[in-house]
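> Structure in structure tokens, see below.
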Amino acid sequence: MTESSPGVRIGVDVGGTFTDVVAVRDGELTVTKTPSTPDAPDEGVVDGLELSRDAAGYAVAGVADLAHGTTVATNAVLERDWADVALVTTEGFRDALAIGRQDRPDIYDYTVSKPEPVVPRRRRFEVTERLDERGEVRTPLDEASVRAVADELPAEIESIAVSLLFAFENDTHERRVAEILEDELGGDDDTVDESGDSPVSLSLSSDVRPEIREYERTLVTALNAALKPVMDAYVGRLEEAVADRGIEPALRIMQSNGGTIGADRARTRPVNTLLSGPAAGVRGAAHVAGLRGEGNVITMDMGGTSCDVSLVRDGEPTVTTGLEIGEYPVAVPSIDVHTIGAGGGSIAWVDDGGALRVGPRSAGAEPGPVCYGRGGTQPTVTDAQVLCGRLDPARFLDRDADDPGTAGIDRDAVEAAVAEHVAEPLGLSVPEAAEGILDVANASMERALRVVSVEAGHDPRDFGLVAYGGAGPAHAAALAESLSIPRVLVPRTAGVLSALGLLVSDRLVERSASMVRPLAAVDPGAIETALADFEDEGWAQLDATTDSIVVERSIDLRYAGQSFDLTVDLPEGPVTDETLTDAVEAFHAAHERRYGHASPDEPVELVTVRARVRAVVEPPRLSAAEGTGSDADQAVHGTRSVVFDGTTRETPVYDRPALSVGSDVTGPAIVDGPESTVVVRPGWRATVDGYGTIVMEENA
Amino acid sequence: MSDESDPRAAGGTGGDGKRDGLGGSGGRGPTGGDGERTDPDRDNIDPITLEVLRNAFAAVAEEMNANLVRTGYSPNITERKDCSCALFDADGEMLSQAETMPVHLGAMPFSVAAALERFPPETLSPGDAVVLNDPFRGGAHLPDLTLVTPIFVDDEGTDGAVTADSVGRSADDEPVTDDLELLGFAANRAHHADIGGARAGSVAADSTEIYQEGLRIPPVKLYDGGDVVTDTVELLLANVRTPDERRGDLRAQHAANETGRRRLLDLVGDHGVGTLRTAVDAVQDYAEKRMRAAITDLPDGTYGYADVLDDDGRASEDVRIEASVTIDGDALTVDFDGTDAQTAGPINAVFAVTASATYYAVRCVTDPEIPANAGAYRPIEIETPDGSVVDAEPPAAVVGGNLETSQRVTDVVLGALAEIAPERALAAGQGTMNNVTFGGIDPRTDDPYAFYETGGGGFGAHASGDGMDGVHVHMSNTMNTPAEVLETAYPLSVERYAYRPDTGGAGEFRGGLGLRRDIRVRATGSTGVAFSLLADRRTHAPYGVAGGESGAPGEDVLYRAAVHQSDADDVDGPDERTEALPAKCTQHLDAGDVVSIRTPGGGGYGDPADRDPDALRRDLADGLLSVESARQAYDTDLVERVAADLDATVDGDESAQSR
């Protein structure tokens with residue numbers, strides 16, 4: 001038995017341009033898009049909800065679930081527009097946050113700079129105390145040194161991070177520091193004050209990320225502190241606005257790890273939401289593939305400026321703690337999204353060595369590609385698609401149909417731009433140059449796909465490719481061909497996959513703590529105690545009915561002396577000597593699989609214990625797509641001259657909404673949809689499955 | 001001088017006491033390429049295929065590197081990433097590289113040349129791999145083991161040895177054919193944590209001959225026709241302290257080259273041998289064209305620069321390195337005439353290391369975006385005096401040549417280039433890697449341990465901003481060991497890890513700050529702890545440019561607990577409680593002793609009078625610059641004015657980085 005919701009389920013994803021709302025009622029999906037309002041994203045969310053209600057015709061009282069993907073924390077990091085924050089740390093380590101790992105961002109370009117420290121040095125303070133690697137006290141906390149910090153804190157400080165060495169082993173010093181600061185400053189500890197106007201908020205490293213490696217832990221704690229007032233204010237406004245409109249269920253907010261969390265938790269742990277939107281997208285893609293029984297897919301979300309690539313195995317997105325957001329290595333569990341600067345707006349140019357390059361500069365949304373007719377003069381990937389006949393320039397003009405300034409734009413402007421900036425400098429014809437731009441863009445995307453698959457030890461031939469985002473479906477088949485990926489899926493909801501993904505994501509609380517010691521010296525009872533505490537906390541936060549909760553326990557192990565560890569699952573039930581022995585066996589096997597060798601005689605070290613408490617959310621049941629006919633011809637609404645591999649072919653153009661379930665389209669073909677265009681290459685065929693997903697496969 | 005000991009022998013041209021770079025116009029690169037290519041097709045490859053294959057070659061090297069880091073055994077490879085991978089063409093010319101350790105990358109072509117000299121193509125077959133570390137035959141210093149794997153192809157686009165896990169479209173089941181031709185090489189270099197010799201870790205500061213530094217491996221086959229050569233492996237493992245770890249790392253190096261071989265054959269499958277060979281030449285020509293264009297932008301003339309190493313670890317005299325850089329149209333020559341003779345102590349660089357440091361410096365100042373393949377280096381010629389500290393002959397000790405002298409070579413070449421292109425000038429960075437080793441018995445486990453790490457410091461300032469604080473400079477880019485990891489693994493503790501205020505050279509843009517790292521011996525076994533330091537820039541400061549001042553030199557002190565019969569609260573000396581350490585030394589330590597390593601700051605750029613008052617204010621507010629130092633280095637009135645209203649005007653969200 002899992003949580004299911006008979007009422008209307010709503011997912012709201014805020015993107016840079018549009019706020020997408022997906023509403024599901026009785027299996028019927030209603031998709032709406034409204035402009036985002038970057039200065040106050042909650043207003044855009046409310047606009048979107050109102051439009052969705054009107055479009056789908058439901059009563060707000062019937063809303064049973066409201067899930068939200070937000071970029072508030074992400075944008076705050078990218079723009080460094082966050083709270084006035086201070087850091088309290090162990091004596092001698094005030095600069096650890098700024099030094100980082102002492103490597104430089106680029107080997108040859110000496111004009112690059114290190115990431116700006118989240119907390120400037122004048123706001124970083126030391127207290128006298130020291131724990132050893134087992135959490136034993138080497139130097140007791142000097143409380144006077146804490147009071148001295150409180151006296152020195154500038155008045156404008158809104159939020160304080162506390163990160164002491166080895167606090168993951170023993171949090172008593174951090175807690176005592178927090179108590180004293182609260183006493184002195186009159187603030188609260190890590191809870192949202194009902195009034196919302198507490199003078200200072202605290203983030204402790206032993207709460208936020210109690211894991212070994214002081215730089216990474218302190219950075220995450222400092223980011224959390226810097227984001228807390230921002231997220232707190234945003235979620236507070238949004239909750240109020242939603243309640244005012246009569247929507248009752250508690251807001252769920254997407255985390256980077258692919259699970260949602262209650263709004264109150266998001267307010268205190270904003271650092272866990274930095275990848276909210278992309279994580280929801282990968283979840284959505286995994287779900288659509290899963291409906292067809294495909295558990296292994298690579299996902300590719302290509303928009304105007306960038307392309308996000310990720311890998312899903314057995315239905316579960318790959319999770320990493322190695323992502324960078326802005327310039328910062330944010331070591332919290334996140335769906336592993338690899339981003340490259342290749343989008344529809346990436347600009348093509350010829351460098352001084354005479355090579356054709358694409359990106360990293362982008363025309364963005366304004367002025368956008370030449371074909372948008374908004375003043376863009378630099379040829380882009382989207383312009384190349386237009387010249388190759390794959391995209392219809394009229395589709396871009398529709399957006400500004402009321403704007404007389406766009407009326408005169410046609411292929412000629414696009415051709416002229418490609419001729420001037422690419423074809424003439426290279427001595428190529430315009431069609432050759434246009435297809436060349438696509439080949440070069442595909443080469444960099446192919447590299448990204450290889451990073452998430454081959455470089456992580458996965459053979460792309462064992463995976464499907466789910467393409468979404470405005471530009472993804474036009475490039476997917478060519479990429480699949482060069483990587484021998486057998487199948488491309490383009491979901492019906494490709495334009496709002498993140499919003500859909502919100503509805504299929506479980507509620508999830510993750511807790512972990514490092515306990516680095518030889519496994520042979522570990523009392524299973526100590527692991528059991530730690531895990532039980534985590535689980536109690538998870539249950540309390542999820543506040544869910546007993547039968548919908550799933551608990552997953554795992555430990556990270558490594559060979560003594562190594563620096564990389566592997567996560568091994570523990571079985572249900574208490575931790576015992578037997579379960580640990582089994583875990584070690586599983587570790588040797590996993591090591592052999594991943595690294596190609598194992599050393600069963602080497603001593604094994606425990607690094608971190610982890611619990612994931614999951615309230616399973618039943619995905620909304622979507623009705624099968626409309627229609628059952630298999631005659632695709634009725635969906636053809638014309639032909640275009642399309643260039644494939646240097647040859648221009650008169651190619652049929654299908655109207656995606658008119659393609660019914662079971663339709664079978666033989667490439668070459670173009671399928672125009674409301675949000676994206678699917679290119680079916682020669683030698684490929686496309687069918688529409690029962691969920692409206694276009695499935696492309698190379699002919700045998 | 002024997003042929004075997006002279007890397008020039010691989011070039012196949014006469015010895016006039018001078019050498020040039022890889023494939024330079026003089027034609028005496030390590031592979032004898034003459035740079036005057038006559039392939040009529042080379043200009044005819046279309047620019048799209050060129051860019052697609054250039055991307056692909058780079059991706060292959062990156063995939064090799066990802067594979068090596070993933071399957072490596074020792075933390076030095078898996079965490080610090082002290083390894084590099086590259087692809088080479090059939091002539092041994094570098095095609096692409098994964099950009100990790102700068103000191104490896106320009107030097108690896110010499111390894112391929114040495115392997116080819118020992119094993120000409122007709123003596124190689126699919127499944128072979130050649131290992132070497134001999135600095136006098138293709139290596140750099142003994143801990144760096146390089147593995148070179150030839151890649152063959154037949155008419156069918158395969159070498160008959162493609163394994164089942166190949167990814168892509170290669171013909172997996174093609175039989176071996178007779179018409180195999182050499183297509184190129186996959187090669188990688190990894191720093192092994194021990195290669196034998198007098199001291200654990202094989203980074204001894206006191207060696208005087210290479211024989212003390214560890215096992216010397218000339219080019220020998222590690223794999224022969226797909227089978228491991230047991231004799232080679234047994235001999236190698238018998239001479240090192242941690243054989244299992246070495247075996248694991250060598251296996252990872254082999255796996256990385258196999259990845260390179262399979263991927264290059266995949267590309268043959270996709271594009272055909274002919275196109276691939278043409279592209280191999282074209283990507284090099286493309287890089288050459290861009291490098292020549294970048295050099296042409298520099299004014300013609302000859303510019304000299306000289307700098308010194310503090311000492312060689314044996315004697316206390318300065319060791320001088322001098323370079324003159326000549327720009328002549330689209331060609332650049334670096335002549336190290338005037339450089340001191342090789343030294344008794346272990347700071348001698350072999351030619352490959354000097355070449356690597358020189359290429360690095362030129363690449364920084366011209367255009368870092370130029371693909372780093374052999375073509376980019378063709379316009380660069382390097383001349384060195386035989387038997388000098390930048391072109392050592394056997395049996396010199398060389399371990400510090402790769403670590404320390406390489407840094408000074410970079411400083412000297414950049415110093416000369418600073419006069420040529422002032423707008424792109426870069427002040428000297430810390431110019432050292434601050435190598436430290438602690439070895440002893442861990443009383444918690446009774447197991448022996450050896451802990452090796454290197455330290456960051458100040459980067460040089462430049463026309464577009466301050467130097468970075470606390471980073472590895474130039475020839476190194478490895479990561480630090482977190483204090484929590486260090487203390488968990490070893491009976492040591494980090495007492496302080498901090499910026500050194502006032503160490504960045506003053507200027508319109510200031511140099512980066514050095515670091516201070518205090519490490520305490522928490523406990524020892526019965527043997528105490530053997531400590532060694534191999535560092536430089538303790539006497540001679542990193543230079544400033546364009547009117548900027550020098551960075552502060554490093555200094556290192558030792559607090560002996562037994563002398564004071566108590567642990568130190570803080571080791572702030574040097575003072576009467578501490579002893580100053582020489583830049584290169586070995587010491588015996590006991591429990592409670594604290595070593596404080598303070599690394600140099602970078603040099604400044606431009607007249608300090610032109611410093612942005614806001615930048616000055618931020619440094620003062622952040623305590624990165626003291627008011628006393630500021631008064632000496634900057635305009636006194638300005639400093640007083642700024643210091644007076646610090647609290648009132650500093651905004652926490654302002655960028656602390658000058659632009």
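Residues in the structure tokens are numbered from 1 in each chain, the chains being A, B, ... in the order shown, and ligands are numbered from 1 in the order shown.
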Extract, using only C-alpha atoms, all DNA, RNA and protein residues at most 12 Å from B:Leu180, discarding same-chain residues fewer than 6 positions from it, and format them as an MDAnalysis selection string.

chainID B and resid 121:122 124:126 150:161 273

> Can you list, as a list in words, every protein, DNA or RNA residue that comes within 6 Å of A:Val609 when you count only C-alpha atoms, leaving out same-chain residues fewer than 3 positions away?

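Within the cut-off, the hits are Ser512, Ala513 and Ile555 of chain A.
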
> Name the residues of stretch 599-698 of chain A that come out as strand (DSSP E) in a backbone DSSP run; write them as an NGL selection string.

:A and (604-615 or 636-644 or 647-655 or 664-666 or 669-672 or 677-680 or 684-688 or 694-698)

> With C-alpha atoms kept, could you save the residues just selected as a PDB file, in the first residue's frame?


ATOM      1  CA  VAL A 604      38.102  -2.834   5.220  1.00  0.00           C
ATOM      2  CA  GLU A 605      37.277   0.522   6.726  1.00  0.00           C
ATOM      3  CA  LEU A 606      33.860   1.956   7.542  1.00  0.00           C
ATOM      4  CA  VAL A 607      33.514   5.533   6.295  1.00  0.00           C
ATOM      5  CA  THR A 608      29.883   6.668   6.479  1.00  0.00           C
ATOM      6  CA  VAL A 609      26.532   5.262   7.574  1.00  0.00           C
ATOM      7  CA  ARG A 610      23.424   6.313   5.647  1.00  0.00           C
ATOM      8  CA  ALA A 611      19.659   6.020   5.971  1.00  0.00           C
ATOM      9  CA  ARG A 612      17.080   7.028   3.402  1.00  0.00           C
ATOM     10  CA  VAL A 613      13.538   7.186   4.668  1.00  0.00           C
ATOM     11  CA  ARG A 614      11.137   7.266   1.773  1.00  0.00           C
ATOM     12  CA  ALA A 615       7.401   7.840   1.721  1.00  0.00           C
ATOM     13  CA  VAL A 636       1.328  14.616 -42.731  1.00  0.00           C
ATOM     14  CA  HIS A 637       0.806  18.309 -43.230  1.00  0.00           C
ATOM     15  CA  GLY A 638       3.403  18.963 -45.897  1.00  0.00           C
ATOM     16  CA  THR A 639       6.955  18.373 -46.957  1.00  0.00           C
ATOM     17  CA  ARG A 640      10.196  20.266 -46.511  1.00  0.00           C
ATOM     18  CA  SER A 641      13.592  20.051 -48.187  1.00  0.00           C
ATOM     19  CA  VAL A 642      15.769  18.593 -45.473  1.00  0.00           C
ATOM     20  CA  VAL A 643      19.527  18.034 -45.608  1.00  0.00           C
ATOM     21  CA  PHE A 644      20.781  14.691 -44.336  1.00  0.00           C
ATOM     22  CA  THR A 647      21.928  15.194 -49.502  1.00  0.00           C
ATOM     23  CA  THR A 648      18.770  17.245 -49.701  1.00  0.00           C
ATOM     24  CA  ARG A 649      15.622  15.158 -49.588  1.00  0.00           C
ATOM     25  CA  GLU A 650      12.034  16.168 -49.865  1.00  0.00           C
ATOM     26  CA  THR A 651      10.885  14.994 -46.469  1.00  0.00           C
ATOM     27  CA  PRO A 652       7.364  14.558 -45.105  1.00  0.00           C
ATOM     28  CA  VAL A 653       6.432  16.699 -42.128  1.00  0.00           C
ATOM     29  CA  TYR A 654       4.066  15.220 -39.556  1.00  0.00           C
ATOM     30  CA  ASP A 655       1.962  17.078 -37.046  1.00  0.00           C
ATOM     31  CA  ASP A 664       4.542   4.153 -37.716  1.00  0.00           C
ATOM     32  CA  VAL A 665       6.687   6.762 -39.460  1.00  0.00           C
ATOM     33  CA  THR A 666       9.580   5.856 -41.745  1.00  0.00           C
ATOM     34  CA  ALA A 669      10.731  12.469 -41.525  1.00  0.00           C
ATOM     35  CA  ILE A 670      10.107  15.527 -39.428  1.00  0.00           C
ATOM     36  CA  VAL A 671       7.551  15.525 -36.621  1.00  0.00           C
ATOM     37  CA  ASP A 672       6.539  19.034 -35.588  1.00  0.00           C
ATOM     38  CA  THR A 677      10.597  19.113 -33.376  1.00  0.00           C
ATOM     39  CA  VAL A 678      11.584  15.469 -33.702  1.00  0.00           C
ATOM     40  CA  VAL A 679      14.003  14.576 -36.491  1.00  0.00           C
ATOM     41  CA  VAL A 680      13.676  11.003 -37.754  1.00  0.00           C
ATOM     42  CA  TRP A 684      15.283   5.082 -38.769  1.00  0.00           C
ATOM     43  CA  ARG A 685      11.634   4.661 -38.006  1.00  0.00           C
ATOM     44  CA  ALA A 686       9.422   6.201 -35.357  1.00  0.00           C
ATOM     45  CA  THR A 687       6.371   4.766 -33.649  1.00  0.00           C
ATOM     46  CA  VAL A 688       4.009   6.254 -31.095  1.00  0.00           C
ATOM     47  CA  ILE A 694       7.662   8.746 -29.866  1.00  0.00           C
ATOM     48  CA  VAL A 695      10.026   5.795 -30.058  1.00  0.00           C
ATOM     49  CA  MET A 696      12.752   5.948 -32.715  1.00  0.00           C
ATOM     50  CA  GLU A 697      14.802   2.929 -33.686  1.00  0.00           C
ATOM     51  CA  GLU A 698      17.319   2.276 -36.411  1.00  0.00           C
TER      52      GLU A 698
END

> Within 6 Å of chain A, which residues of chain B show up when using only C-alpha atoms, listed as a list in words?

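The answer, sorted by residue number, is Pro47, Ile48, Val52, Glu63, Thr71, Pro75, Tyr286, Lys289, Arg290, Cys364, Pro368, Gly456, Gly470, Val471, His472, Asn477, Thr478, Met479, Asn480, Pro482, Glu484, Thr488, Arg496, Tyr497, Ala498 and Asp622 of chain B.
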
> How about saving the chosen residues, N, CA and C atoms kept, as a CSV table (one decimal), in the first residue's frame?


chain,number,residue,atom,x,y,z
B,47,PRO,N,36.8,21.5,-42.7
B,47,PRO,CA,36.9,22.0,-41.4
B,47,PRO,C,35.9,21.3,-40.4
B,48,ILE,N,34.9,20.8,-40.9
B,48,ILE,CA,33.9,20.1,-40.0
B,48,ILE,C,34.5,18.8,-39.5
B,52,VAL,N,35.3,17.8,-35.6
B,52,VAL,CA,34.7,16.7,-35.0
B,52,VAL,C,35.8,15.7,-34.5
B,63,GLU,N,39.0,10.1,-21.7
B,63,GLU,CA,38.4,8.8,-21.3
B,63,GLU,C,39.5,7.9,-20.7
B,71,THR,N,40.4,3.3,-12.0
B,71,THR,CA,40.9,2.0,-11.7
B,71,THR,C,42.2,2.0,-10.9
B,75,PRO,N,46.1,6.2,-3.5
B,75,PRO,CA,45.4,7.5,-3.4
B,75,PRO,C,46.1,8.6,-4.2
B,286,TYR,N,46.8,22.5,-37.6
B,286,TYR,CA,45.8,23.5,-37.1
B,286,TYR,C,46.4,24.2,-35.9
B,289,LYS,N,49.4,26.3,-36.8
B,289,LYS,CA,48.9,27.6,-37.4
B,289,LYS,C,48.5,28.6,-36.3
B,290,ARG,N,47.8,28.1,-35.4
B,290,ARG,CA,47.3,29.0,-34.3
B,290,ARG,C,48.5,29.5,-33.4
B,364,CYS,N,50.8,29.4,-21.8
B,364,CYS,CA,50.1,30.4,-20.9
B,364,CYS,C,50.1,31.8,-21.5
B,368,PRO,N,46.0,29.9,-24.2
B,368,PRO,CA,45.8,28.6,-23.6
B,368,PRO,C,44.8,27.7,-24.3
B,456,GLY,N,50.4,24.3,-1.6
B,456,GLY,CA,50.1,25.5,-2.4
B,456,GLY,C,50.7,26.7,-1.8
B,470,GLY,N,47.0,30.8,-2.2
B,470,GLY,CA,47.0,29.4,-1.7
B,470,GLY,C,46.6,28.4,-2.7
B,471,VAL,N,47.3,28.4,-3.9
B,471,VAL,CA,47.1,27.3,-4.9
B,471,VAL,C,48.4,26.7,-5.3
B,472,HIS,N,48.3,25.6,-6.0
B,472,HIS,CA,49.5,25.1,-6.6
B,472,HIS,C,49.8,25.9,-7.9
B,477,ASN,N,49.3,20.7,-10.0
B,477,ASN,CA,48.0,21.1,-9.7
B,477,ASN,C,47.3,20.0,-8.9
B,478,THR,N,48.0,19.4,-8.0
B,478,THR,CA,47.4,18.3,-7.2
B,478,THR,C,46.6,18.9,-6.0
B,479,MET,N,45.7,18.1,-5.4
B,479,MET,CA,44.9,18.6,-4.3
B,479,MET,C,45.6,18.4,-3.0
B,480,ASN,N,45.1,19.1,-1.9
B,480,ASN,CA,45.6,18.9,-0.6
B,480,ASN,C,45.0,17.7,0.1
B,482,PRO,N,42.9,16.7,3.2
B,482,PRO,CA,42.1,17.3,4.2
B,482,PRO,C,42.6,16.9,5.6
B,484,GLU,N,41.1,16.3,8.3
B,484,GLU,CA,40.4,15.2,8.9
B,484,GLU,C,40.8,13.9,8.3
B,488,THR,N,42.9,11.0,10.5
B,488,THR,CA,42.4,9.7,10.7
B,488,THR,C,43.4,8.6,10.2
B,496,ARG,N,47.3,24.2,12.2
B,496,ARG,CA,46.9,25.4,11.6
B,496,ARG,C,47.0,25.3,10.1
B,497,TYR,N,46.0,25.8,9.4
B,497,TYR,CA,46.0,25.8,7.9
B,497,TYR,C,45.5,27.1,7.5
B,498,ALA,N,46.3,28.1,7.1
B,498,ALA,CA,45.8,29.4,7.0
B,498,ALA,C,46.6,30.2,5.9
B,622,ASP,N,39.9,42.4,5.7
B,622,ASP,CA,40.0,40.9,5.9
B,622,ASP,C,41.2,40.5,6.6

> Please measure the separation of atom CA of B:Thr432 and atom CA of B:Leu309, giving the value in Å to one decimal.

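Taking atom CA of B:Thr432 and atom CA of B:Leu309, their separation equals 9.6 Å.
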
> Report the residues of stretch 292-343 of chain B whose backbone DSSP state falls under helix (DSSP H, G or I), written as a PDB file with N, CA and C atoms, in the first residue's frame.


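Resulting contents of selection_29.pdb:
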ATOM      1  N   ARG B 292      51.625  29.730 -34.411  1.00  0.00           N
ATOM      2  CA  ARG B 292      52.433  30.675 -35.195  1.00  0.00           C
ATOM      3  C   ARG B 292      51.745  32.047 -35.237  1.00  0.00           C
ATOM      4  N   ALA B 293      50.426  32.038 -35.354  1.00  0.00           N
ATOM      5  CA  ALA B 293      49.699  33.319 -35.365  1.00  0.00           C
ATOM      6  C   ALA B 293      49.896  34.040 -34.032  1.00  0.00           C
ATOM      7  N   ALA B 294      49.862  33.277 -32.940  1.00  0.00           N
ATOM      8  CA  ALA B 294      50.010  33.890 -31.612  1.00  0.00           C
ATOM      9  C   ALA B 294      51.422  34.424 -31.421  1.00  0.00           C
ATOM     10  N   ILE B 295      52.420  33.704 -31.945  1.00  0.00           N
ATOM     11  CA  ILE B 295      53.814  34.168 -31.803  1.00  0.00           C
ATOM     12  C   ILE B 295      54.041  35.397 -32.679  1.00  0.00           C
ATOM     13  N   THR B 296      53.426  35.399 -33.851  1.00  0.00           N
ATOM     14  CA  THR B 296      53.577  36.553 -34.748  1.00  0.00           C
ATOM     15  C   THR B 296      53.073  37.834 -34.088  1.00  0.00           C
TER      16      THR B 296
END

> Looking at only C-alpha atoms, which of A:Ala477, A:Leu557, A:Leu164, A:Leu29 is the one that sits closest to A:Met515?

A:Leu557

> Using only C-alpha atoms for the distances, tell me which of B:Asn373, B:Thr481, B:Asn434, B:Gln284 is nearest to B:Ser596.

B:Asn434

> Need the shell around stretch 205-217 of chain B: protein/DNA/RNA residues with any atom at most 7 Å away, counting only C-alpha atoms. Skip same-chain ones fewer than 3 positions apart. Format as a list in words?

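In the requested form, the answer reads Leu132, Asn133, Asp134, Leu142, Ile195, Gly196, Gly197, Ala198, Ser202, Asn239, Gly313, Arg314, Ala344, Gly345, Pro346, Pro395, Ala396, Ala397, Val398, Ser532, Leu533, Leu534, Lys584 and Cys585 of chain B.
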
> One decimal, Å: what's the distance from atom CA of B:Thr405 over to atom CA of B:Gly467, could you say?

21.3 Å

> For a test of reading the model, state the distance in Å between atom CA of B:Gly514 and atom CA of B:Tyr449, rounded to one decimal.

28.1 Å

> Could you give me, as number ranges by chain, the residues within 10 Å of B:Ala609, counting only C-alpha atoms and dropping anything in the same chain fewer than 5 positions from it?

B: 506-508, 547-548, 633-636, 638

> Could you take the residues named above and write them with C-alpha atoms, as an mmCIF file, in the first residue's frame?


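Written out: selection.cif:
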data_model
loop_
_atom_site.group_PDB
_atom_site.id
_atom_site.type_symbol
_atom_site.label_atom_id
_atom_site.label_comp_id
_atom_site.auth_asym_id
_atom_site.auth_seq_id
_atom_site.Cartn_x
_atom_site.Cartn_y
_atom_site.Cartn_z
ATOM 1 C CA ALA B 506 52.392 44.691 -3.548
ATOM 2 C CA GLY B 507 51.245 46.160 -6.842
ATOM 3 C CA GLU B 508 48.300 47.536 -8.729
ATOM 4 C CA GLY B 547 56.591 47.730 -11.127
ATOM 5 C CA GLY B 548 55.013 45.209 -8.791
ATOM 6 C CA ALA B 633 54.055 49.135 0.368
ATOM 7 C CA TYR B 634 51.295 51.536 -0.592
ATOM 8 C CA ASP B 635 50.642 55.258 -0.461
ATOM 9 C CA THR B 636 50.663 56.201 3.227
ATOM 10 C CA LEU B 638 45.695 56.408 1.145
#

> Residues at most 8 Å from A:Val127, counting only C-alpha atoms, excluding those fewer than 4 positions away in the same chain, as a VMD selection string?

chain A and resid 88 to 91 141 to 142 145 to 146 149

> Smallest atom-to-atom distance to B:Asp469: which of B:Gln430, B:Gln407, B:Asn257, B:Thr354, using only C-alpha atoms?

B:Gln430
